[in-house]
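*Asks:* Supplied structure: input_25.txt, compact mmCIF, C-alpha atoms.
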# COMPACT_ATOMS: atom_id res chain seq x y z
CA MET A 888 11.32 -17.36 -6.68
CA ASP A 889 14.43 -16.98 -8.80
CA SER A 890 16.94 -15.02 -6.73
CA GLY A 891 19.78 -15.47 -9.18
CA THR A 892 18.51 -13.29 -12.00
CA SER A 893 17.55 -9.65 -12.16
CA ALA A 894 14.07 -8.63 -13.20
CA PRO A 895 13.75 -6.71 -16.50
CA ASP A 896 12.50 -3.13 -16.61
CA ALA A 897 9.49 -3.27 -14.31
CA LEU A 898 7.25 -0.80 -16.15
CA ASP A 899 8.00 -2.43 -19.52
CA LEU A 900 7.25 -5.88 -18.09
CA MET A 901 3.90 -4.72 -16.72
CA LEU A 902 2.79 -2.24 -19.38
CA GLY A 903 4.75 -2.98 -22.56
CA GLU A 904 3.64 -0.86 -25.51
CA ALA A 905 0.80 0.61 -23.41
CA ARG A 906 3.28 2.41 -21.13
CA GLU A 907 2.79 5.93 -22.51
CA THR A 908 -0.97 5.52 -22.82
CA PHE A 909 -1.17 4.23 -19.27
CA PHE A 910 0.49 7.27 -17.71
CA ALA A 911 -1.39 9.70 -19.94
CA ARG A 912 -4.83 8.22 -19.28
CA HIS A 913 -4.90 5.79 -16.36
CA TRP A 914 -2.32 6.59 -13.67
CA GLU A 915 -4.21 7.98 -10.64
CA ARG A 916 -7.32 8.38 -12.84
CA GLU A 917 -8.77 5.16 -14.24
CA ALA A 918 -8.45 1.39 -13.81
CA PHE A 919 -6.39 -0.52 -16.36
CA HIS A 920 -6.47 -4.22 -17.32
CA ALA A 921 -4.04 -6.03 -19.62
CA LYS A 922 -3.89 -9.65 -20.68
CA GLY A 923 -0.51 -11.34 -20.57
CA THR A 924 1.28 -14.58 -21.36
CA PRO A 925 1.08 -17.20 -18.56
CA GLY A 926 4.79 -17.06 -17.71
CA ARG A 927 5.16 -13.28 -17.75
CA PHE A 928 5.52 -12.87 -13.97
CA ALA A 929 6.78 -16.39 -13.21
CA PRO A 930 10.38 -15.26 -12.45
CA LEU A 931 9.11 -13.09 -9.59
CA LEU A 932 7.40 -15.68 -7.40
CA ASN A 933 5.77 -19.10 -7.41
CA PHE A 934 3.86 -20.98 -4.72
CA GLN A 935 6.97 -22.67 -3.34
CA GLY A 936 8.76 -19.33 -3.17
CA PHE A 937 5.71 -17.75 -1.56
CA MET A 938 5.70 -20.30 1.25
CA ALA A 939 9.44 -19.84 1.76
CA ALA A 940 9.06 -16.04 1.88
CA LEU A 941 6.47 -16.06 4.66
CA GLY A 942 9.16 -16.14 7.33
CA GLU A 943 10.52 -12.76 6.20
CA ALA A 944 7.22 -10.99 5.55
CA ALA A 945 6.23 -8.14 7.88
CA VAL A 946 2.85 -9.72 8.69
CA VAL A 947 1.23 -13.02 7.73
CA LYS A 948 -2.55 -13.40 7.99
CA ALA A 949 -4.93 -16.29 7.40
CA GLY A 950 -8.21 -15.36 5.71
CA PHE A 951 -11.55 -17.13 5.99
CA ARG A 952 -15.33 -16.68 5.91
CA ASP A 953 -16.96 -16.30 9.32
CA ALA A 954 -20.32 -17.72 10.40
CA LYS A 955 -22.15 -14.89 8.60
CA GLY A 956 -20.22 -15.41 5.41
CA TRP A 957 -18.14 -12.26 5.86
CA TYR A 958 -14.42 -12.23 5.08
CA ALA A 959 -12.21 -12.07 8.16
CA ASP A 960 -8.55 -12.70 8.88
CA LEU A 961 -6.20 -13.31 11.79
CA LYS A 962 -2.48 -12.83 12.27
CA ILE A 963 -0.53 -16.07 12.33
CA GLU A 964 3.04 -17.28 12.61
CA PRO A 965 4.59 -18.43 9.32
CA ALA A 966 4.97 -21.96 10.66
CA GLN A 967 1.18 -22.18 10.98
CA ALA A 968 0.61 -21.49 7.27
CA PRO A 969 0.46 -25.14 6.04
CA ARG A 970 -2.20 -25.96 8.63
CA MET A 971 -4.22 -22.91 7.63
CA ILE A 972 -4.14 -24.02 3.99
CA GLU A 973 -5.23 -27.53 4.98
CA ALA A 974 -8.17 -25.93 6.82
CA GLY A 975 -9.24 -24.16 3.62
CA MET A 976 -7.98 -20.69 4.57
CA GLY A 977 -6.17 -18.16 2.42
CA LEU A 978 -2.86 -16.46 3.20
CA CYS A 979 -1.80 -12.83 2.97
CA ALA A 980 1.87 -11.87 3.35
CA THR A 981 2.60 -8.14 3.56
CA GLN A 982 5.87 -6.43 2.73
CA LEU A 983 7.71 -9.34 1.21
CA ARG A 984 11.43 -8.92 1.70
CA PRO A 985 12.75 -7.18 -1.46
CA THR A 986 15.54 -9.60 -2.40
CA GLY A 987 16.44 -11.35 -5.63
CA ALA A 988 14.02 -10.81 -8.51
CA LEU A 989 11.50 -9.01 -6.29
CA GLY A 990 14.13 -6.54 -5.10
CA ALA A 991 15.40 -5.86 -8.61
CA PHE A 992 11.83 -5.35 -9.80
CA LEU A 993 11.02 -2.87 -7.02
CA ALA A 994 14.24 -0.91 -7.64
CA SER A 995 13.43 -0.71 -11.35
CA TYR A 996 9.83 0.28 -10.63
CA LYS A 997 10.82 3.09 -8.26
CA ALA A 998 13.41 4.40 -10.70
CA GLY A 999 10.98 4.34 -13.62
CA LEU A 1000 8.23 5.98 -11.60
CA ARG A 1001 10.59 8.49 -9.93
CA LEU A 1002 8.96 7.63 -6.64
CA ALA A 1003 9.80 9.51 -3.44
CA GLY A 1004 7.91 7.16 -1.20
CA VAL A 1005 7.39 3.46 -0.60
CA ALA A 1006 6.74 0.59 -2.99
CA GLN A 1007 6.19 -2.89 -1.61
CA PHE A 1008 4.98 -6.31 -2.66
CA ASN A 1009 2.20 -8.11 -0.80
CA ALA A 1010 1.34 -11.68 -1.82
CA TYR A 1011 -2.02 -13.44 -1.61
CA TYR A 1012 -2.89 -17.12 -1.81
CA SER A 1013 -6.65 -17.73 -2.04
CA PRO A 1014 -8.40 -21.12 -2.18
CA ASP A 1015 -11.44 -21.62 -4.40
CA GLY A 1016 -14.26 -19.23 -3.54
CA LEU A 1017 -12.36 -17.00 -1.10
CA GLY A 1018 -11.90 -13.28 -1.64
CA PHE A 1019 -12.11 -9.82 -0.12
CA ARG A 1020 -15.37 -7.99 0.48
CA LEU A 1021 -16.03 -4.62 -1.16
CA HIS A 1022 -13.39 -2.11 -0.09
CA LEU A 1023 -11.14 0.68 -1.30
CA ASP A 1024 -7.48 1.48 -0.67
CA ASP A 1025 -5.79 4.80 0.00
CA HIS A 1026 -2.98 3.98 -2.44
CA PRO A 1027 -2.77 2.72 -6.03
CA VAL A 1028 -2.09 -0.97 -6.66
CA PHE A 1029 -0.95 -3.21 -9.48
CA ILE A 1030 -2.16 -6.81 -9.28
CA LEU A 1031 0.13 -9.34 -10.97
CA GLN A 1032 -1.61 -12.69 -11.38
CA LEU A 1033 0.95 -15.48 -10.88
CA GLU A 1034 -0.95 -18.77 -10.68
CA GLY A 1035 -4.59 -19.81 -10.82
CA ARG A 1036 -7.49 -17.48 -11.45
CA LYS A 1037 -9.33 -14.79 -9.50
CA ARG A 1038 -12.44 -12.82 -10.40
CA TRP A 1039 -12.28 -9.07 -9.71
CA TRP A 1040 -15.17 -6.62 -9.56
CA TYR A 1041 -14.05 -2.98 -9.49
CA SER A 1042 -15.06 0.59 -10.21
CA ARG A 1043 -13.34 2.02 -13.26
CA HIS A 1044 -12.88 5.39 -11.54
CA PRO A 1045 -12.20 6.21 -7.88
CA GLY A 1046 -15.27 6.21 -5.67
CA ALA A 1047 -13.42 8.44 -3.19
CA VAL A 1048 -10.94 11.14 -4.18
CA ARG A 1049 -7.77 11.16 -2.07
CA PRO A 1050 -9.22 8.87 0.63
CA GLY A 1051 -7.79 9.44 4.09
CA GLY A 1052 -7.39 5.70 4.68
CA SER A 1053 -8.25 2.27 3.34
CA PHE A 1054 -11.81 1.21 4.11
CA GLN A 1055 -13.93 -1.94 3.94
CA MET A 1056 -17.63 -1.30 3.45
CA PRO A 1057 -19.81 -3.08 6.05
CA PRO A 1058 -22.05 -5.55 4.22
CA ASP A 1059 -25.19 -4.13 5.84
CA ARG A 1060 -24.48 -0.47 4.99
CA GLN A 1061 -24.67 1.58 1.80
CA THR A 1062 -23.23 4.86 3.08
CA VAL A 1063 -20.74 5.52 5.85
CA ALA A 1064 -19.49 8.85 7.26
CA LEU A 1065 -15.74 8.78 7.88
CA PRO A 1066 -13.43 11.43 9.36
CA TRP A 1067 -12.19 12.28 5.85
CA GLY A 1068 -15.57 12.23 4.12
CA GLU A 1069 -18.70 10.26 3.33
CA VAL A 1070 -18.44 7.18 1.12
CA SER A 1071 -21.22 5.26 -0.61
CA ALA A 1072 -21.03 1.73 -1.95
CA PRO A 1073 -21.47 1.53 -5.72
CA ALA A 1074 -24.35 -0.44 -7.20
CA ASP A 1075 -23.14 -3.91 -8.06
CA ASP A 1076 -24.22 -3.61 -11.70
CA THR A 1077 -21.96 -0.56 -12.16
CA LEU A 1078 -18.78 -2.50 -11.38
CA GLU A 1079 -16.45 -3.80 -14.07
CA SER A 1080 -15.73 -7.55 -13.95
CA VAL A 1081 -12.61 -9.38 -15.11
CA LEU A 1082 -11.16 -12.84 -14.52
CA LEU A 1083 -7.41 -12.56 -13.95
CA GLU A 1084 -5.36 -15.48 -15.26
CA PRO A 1085 -1.59 -16.11 -15.05
CA GLY A 1086 0.30 -13.21 -16.64
CA ASP A 1087 -2.63 -10.79 -16.43
CA LEU A 1088 -2.32 -7.33 -14.87
CA LEU A 1089 -4.86 -5.07 -13.21
CA TYR A 1090 -4.19 -1.51 -12.02
CA LEU A 1091 -6.51 0.31 -9.61
CA PRO A 1092 -5.99 3.95 -8.61
CA ALA A 1093 -6.42 4.93 -4.97
CA GLY A 1094 -10.09 5.05 -4.02
CA CYS A 1095 -11.35 2.49 -6.54
CA TRP A 1096 -13.91 0.10 -5.07
CA HIS A 1097 -13.16 -3.60 -5.55
CA ARG A 1098 -13.97 -7.09 -4.34
CA THR A 1099 -12.57 -10.48 -5.34
CA GLN A 1100 -13.22 -14.21 -5.45
CA ALA A 1101 -10.75 -16.94 -6.36
CA GLN A 1102 -11.83 -19.51 -8.91
CA GLY A 1103 -10.10 -22.82 -8.37
CA GLY A 1104 -7.35 -21.18 -6.29
CA SER A 1105 -5.14 -18.17 -6.91
CA LEU A 1106 -1.67 -16.81 -6.18
CA ALA A 1107 -1.05 -13.13 -6.92
CA LEU A 1108 1.27 -10.27 -6.10
CA THR A 1109 -0.01 -6.82 -5.24
CA LEU A 1110 2.41 -3.96 -5.87
CA ALA A 1111 1.37 -1.19 -3.48
CA THR A 1112 2.66 2.35 -3.98
CA PHE A 1113 2.71 4.93 -1.19
CA GLY A 1114 3.78 8.35 -2.44
CA MET A 1115 5.43 10.68 0.05
CA THR A 1116 3.06 13.06 1.82
CA THR A 1117 3.68 16.76 2.29
CA ALA A 1118 4.04 16.18 6.03
CA GLU A 1119 6.70 13.52 5.43
CA LEU A 1120 8.65 15.79 3.10
CA LEU A 1121 8.51 18.67 5.58
CA GLN A 1122 9.73 16.36 8.33
CA GLN A 1123 12.69 15.38 6.15
CA LEU A 1124 13.46 19.06 5.51
CA LEU A 1125 13.24 20.02 9.17
CA MET A 1126 15.35 17.12 10.40
CA ARG A 1127 18.21 18.02 8.06
CA ASP A 1128 18.90 21.21 10.04
CA PRO A 1129 20.91 20.28 13.20
CA VAL A 1130 19.39 23.01 15.39
CA THR A 1131 15.82 22.20 14.37
CA HIS A 1132 16.56 18.50 14.73
CA ARG A 1133 17.65 19.03 18.33
CA ALA A 1134 14.59 21.15 19.05
CA LEU A 1135 12.19 18.54 17.72
CA THR A 1136 13.86 15.48 19.22
CA ALA A 1137 14.46 16.90 22.70
CA ARG A 1138 12.39 15.14 25.35
CA LEU A 1139 9.49 17.12 26.78
CA PRO A 1140 9.55 17.88 30.50
CA GLY A 1141 8.25 14.84 32.44
CA THR A 1142 4.98 14.52 34.27
CA ASP A 1143 3.23 12.10 36.59
CA ARG A 1144 -0.34 10.88 36.99
CA GLN A 1145 -1.31 14.10 38.76
CA GLY A 1146 -0.25 16.32 35.88
CA LEU A 1147 2.31 19.11 35.76
CA ASP A 1148 2.82 21.37 38.74
CA PRO A 1149 3.08 25.13 38.01
CA GLU A 1150 6.87 24.98 37.67
CA GLY A 1151 6.70 22.01 35.30
CA ALA A 1152 3.97 23.66 33.24
CA ALA A 1153 6.16 26.77 32.86
CA ARG A 1154 9.12 24.65 31.70
CA LEU A 1155 6.90 22.88 29.17
CA ARG A 1156 5.57 26.17 27.81
CA THR A 1157 9.10 27.59 27.48
CA HIS A 1158 10.32 24.46 25.73
CA LEU A 1159 7.41 24.44 23.27
CA THR A 1160 7.74 28.15 22.57
CA GLU A 1161 11.43 27.81 21.74
CA SER A 1162 10.86 24.71 19.59
CA LEU A 1163 7.96 26.21 17.64
CA ASP A 1164 9.87 29.45 17.09
CA ARG A 1165 12.73 27.43 15.62
CA VAL A 1166 10.39 25.46 13.35
CA ARG A 1167 8.67 28.64 12.15
CA ALA A 1168 12.01 30.28 11.38
CA HIS A 1169 13.19 27.21 9.47
CA LEU A 1170 9.98 26.90 7.47
CA ALA A 1171 9.99 30.62 6.67
CA ALA A 1172 13.46 30.25 5.15
CA LEU A 1173 12.49 27.28 2.99
CA SER A 1174 11.54 27.63 -0.64
CA PRO A 1175 9.51 25.37 -2.94
CA GLU A 1176 12.72 24.91 -4.92
CA ALA A 1177 14.54 23.53 -1.88
CA ALA A 1178 11.66 21.21 -1.07
CA GLY A 1179 11.52 20.06 -4.69
CA ALA A 1180 15.25 19.40 -4.75
CA LEU A 1181 14.97 17.19 -1.68
CA TRP A 1182 12.04 15.33 -3.24
CA GLU A 1183 14.15 14.70 -6.36
CA ALA A 1184 17.02 13.43 -4.23
CA LEU A 1185 14.74 11.09 -2.29
CA ALA A 1186 13.18 9.77 -5.50
CA ALA A 1187 16.66 8.94 -6.80
CA SER A 1188 17.74 7.25 -3.57
CA GLU A 1189 17.58 3.46 -3.33
CA LEU A 1190 17.71 3.67 0.46
CA HIS A 1191 14.64 5.83 1.00
CA GLY A 1192 11.21 4.34 1.27
CA SER A 1193 12.17 0.67 1.46
CA VAL A 1194 10.21 0.03 4.63
CA ARG A 1195 6.65 0.83 5.63
CA LYS A 1196 5.13 0.04 9.01
CA PRO A 1197 2.87 -3.04 8.96
CA ARG A 1198 -0.85 -2.31 8.84
Write the structure described by the file as structure tokens, please.

*Replies:*
Amino acid sequence: MDSGTSAPDALDLMLGEARETFFARHWEREAFHAKGTPGRFAPLLNFQGFMAALGEAAVVKAGFRDAKGWYADLKIEPAQAPRMIEAGMGLCATQLRPTGALGAFLASYKAGLRLAGVAQFNAYYSPDGLGFRLHLDDHPVFILQLEGRKRWWYSRHPGAVRPGGSFQMPPDRQTVALPWGEVSAPADDTLESVLLEPGDLLYLPAGCWHRTQAQGGSLALTLATFGMTTAELLQQLLMRDPVTHRALTARLPGTDRQGLDPEGAARLRTHLTESLDRVRAHLAALSPEAAGALWEALAASELHGSVRKPR
């Protein structure tokens, strides 16, 4: 990874002349694939840089096929990575530290997208034949192929609209009922297929089914984008008012294993009543314009949305 140079405009690097067409037709609607020159993404990361970056990733996992042939993974320490590779396993590093070229790229991407939310890079090394089973994500992703080749099978359009979470389809099921809705696996012959080679790009909106398999080994970056939710924006709005902040961050009356006694229950009810009254009053005074102004400010801030909890 070249930490001494800044990445060019992220959206231009990924989309080039297709930038306007992409946002008019594909963003959050339809998958997008673009061929590229082999060295297009080389300044961002190479295998040596990937191995060096493992120590600062949020989570490092080793992937493998279990006795039934299903993909599985386990959390490892970065120092164990070389042994996992020797054993024929793949590596997944989530939330690579955004420094050097990666950091400049993410800053440019967020500015170009006007993102009030989180953008992060995950990196995947896959030996020959390894890949994820059929699954969908609750966020859009760009896949930047760095080295080697990987075959992708994917649905052109989302199989689930606004999914309430990422989900991996059990190999012995066709339909699964989830808290946020029922999902059905697509027929294999309905999936698009593409072999990503160095410099190639693939975009998948949230909810698009996909599975993968490396061919001869693969190193790729996944740019994951998590837009801010309404609940997160409301929390930001509420916490900016000192009185409401105190009401929401005050500790609730304590309890023990036997539960609250009548006096404690009364204190809890009083506390909750006062806090909820304050929240209602604050929300009643808010306007869509005020919420929109905060969203704009957060989208313009380089400090917001740089960290997402590991998953």

*Asks:* Record the distance separating atom CA of A:Ala940 and atom CA of A:Ala1111, expressed in Å with one decimal.

*Replies:*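 It comes out at 17.6 Å.
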
*Asks:* Contacts between stretch 1153-1171 of chain A and stretch 1064-1135 of chain A, please, where a residue of stretch 1064-1135 of chain A counts if it comes within 9 Å (with all atoms listed in the file); show its shortest atom pair and distance in Å to one decimal, rows by chain and ascending number, as JSON lines.

*Replies:*
{"residue": "A:Leu1121", "atom": "CA", "partner": "A:Leu1170", "partner_atom": "CA", "distance": 8.6}
{"residue": "A:Leu1124", "atom": "CA", "partner": "A:Leu1170", "partner_atom": "CA", "distance": 8.8}
{"residue": "A:Leu1125", "atom": "CA", "partner": "A:His1169", "partner_atom": "CA", "distance": 7.2}
{"residue": "A:Asp1128", "atom": "CA", "partner": "A:His1169", "partner_atom": "CA", "distance": 8.3}
{"residue": "A:Val1130", "atom": "CA", "partner": "A:Arg1165", "partner_atom": "CA", "distance": 8.0}
{"residue": "A:Thr1131", "atom": "CA", "partner": "A:Arg1165", "partner_atom": "CA", "distance": 6.2}
{"residue": "A:Arg1133", "atom": "CA", "partner": "A:Ser1162", "partner_atom": "CA", "distance": 8.9}
{"residue": "A:Ala1134", "atom": "CA", "partner": "A:Ser1162", "partner_atom": "CA", "distance": 5.2}
{"residue": "A:Leu1135", "atom": "CA", "partner": "A:Ser1162", "partner_atom": "CA", "distance": 6.6}

*Asks:* Mind pulling up the distance from atom CA of A:Arg916 to atom CA of A:Asp1025?

*Replies:* 13.4 Å

*Asks:* Find the residues around stretch 921-931 of chain A up to 10 Å (all atoms listed in the file counted), leave out those fewer than 3 positions away in its own chain, and share them as a ChimeraX atom specification.

*Replies:* /A:888-894,900-903,905,936-937,987-992,1031-1035,1083-1090,1107-1108

*Asks:* Smallest atom-to-atom distance to A:Val1005: which of A:Ser1042, A:Gln935, A:Thr1112, A:Gln1123, using all atoms listed in the file?

*Replies:*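 Between A:Ser1042, A:Gln935, A:Thr1112, A:Gln1123, the residue approaching A:Val1005 most closely is A:Thr1112.
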
*Asks:* Calculated over all atoms listed in the file, which of the candidates A:Pro1175, A:Gly1051, A:Gly942, A:Pro1149 has the smallest distance to A:Leu983?

*Replies:*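 Using all atoms listed in the file, A:Leu983 sits closest to A:Gly942.
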
*Asks:* At a cut-off of 7 Å from (8.9, 12.3, -5.4) in the coordinates of the file, what residues are picked up using only C-alpha atoms, written as a PyMOL selection string?

*Replies:* chain A and resi 1001-1004+1115+1182-1183+1185-1186

*Asks:* Find, counting all atoms listed in the file, the residue in A:Pro965, A:Pro1050, A:Gly999, A:Pro985 that gets nearest to A:Asp896.

*Replies:*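 Answer, going by the shortest atom-to-atom distance: A:Gly999.
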
*Asks:* What separation in Å, quoted to one decimal, exists between atom CA of A:Gln1102 and atom CA of A:Gly1016?

*Replies:*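 Taking atom CA of A:Gln1102 as the start and atom CA of A:Gly1016 as the end point, the length is 5.9 Å.
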
*Asks:* Name the residues in contact with A:Asp1024 at a cut-off of 12 Å, using only C-alpha atoms, excluding same-chain residues fewer than 3 positions from it; report them as JSON, numbers by chain.

*Replies:* {"A": [1021, 1027, 1028, 1029, 1041, 1045, 1046, 1047, 1048, 1049, 1050, 1051, 1052, 1053, 1054, 1055, 1056, 1091, 1092, 1093, 1094, 1095, 1096, 1097, 1098, 1111, 1112, 1113]}

*Asks:* Between A:Arg1036, A:Arg912, A:Arg1127, A:Lys997, which has the minimum distance to A:Asp1015 (counting all atoms listed in the file)?

*Replies:* A:Arg1036

*Asks:* Looking at only C-alpha atoms, which of A:Ala897, A:Ala1137, A:Leu1120, A:Ala1074 is the one that sits closest to A:Leu993?

*Replies:* A:Ala897

*Asks:* Around all of stretch 1014-1021 of chain A's listed atoms, make the axis-aligned box with 4 Å on each side and tell me centre and edge lengths in Å to one decimal, as JSON.

*Replies:*
{"center_x": -12.2, "center_y": -13.1, "center_z": -2.0, "size_x": 15.6, "size_y": 25.0, "size_z": 12.9}
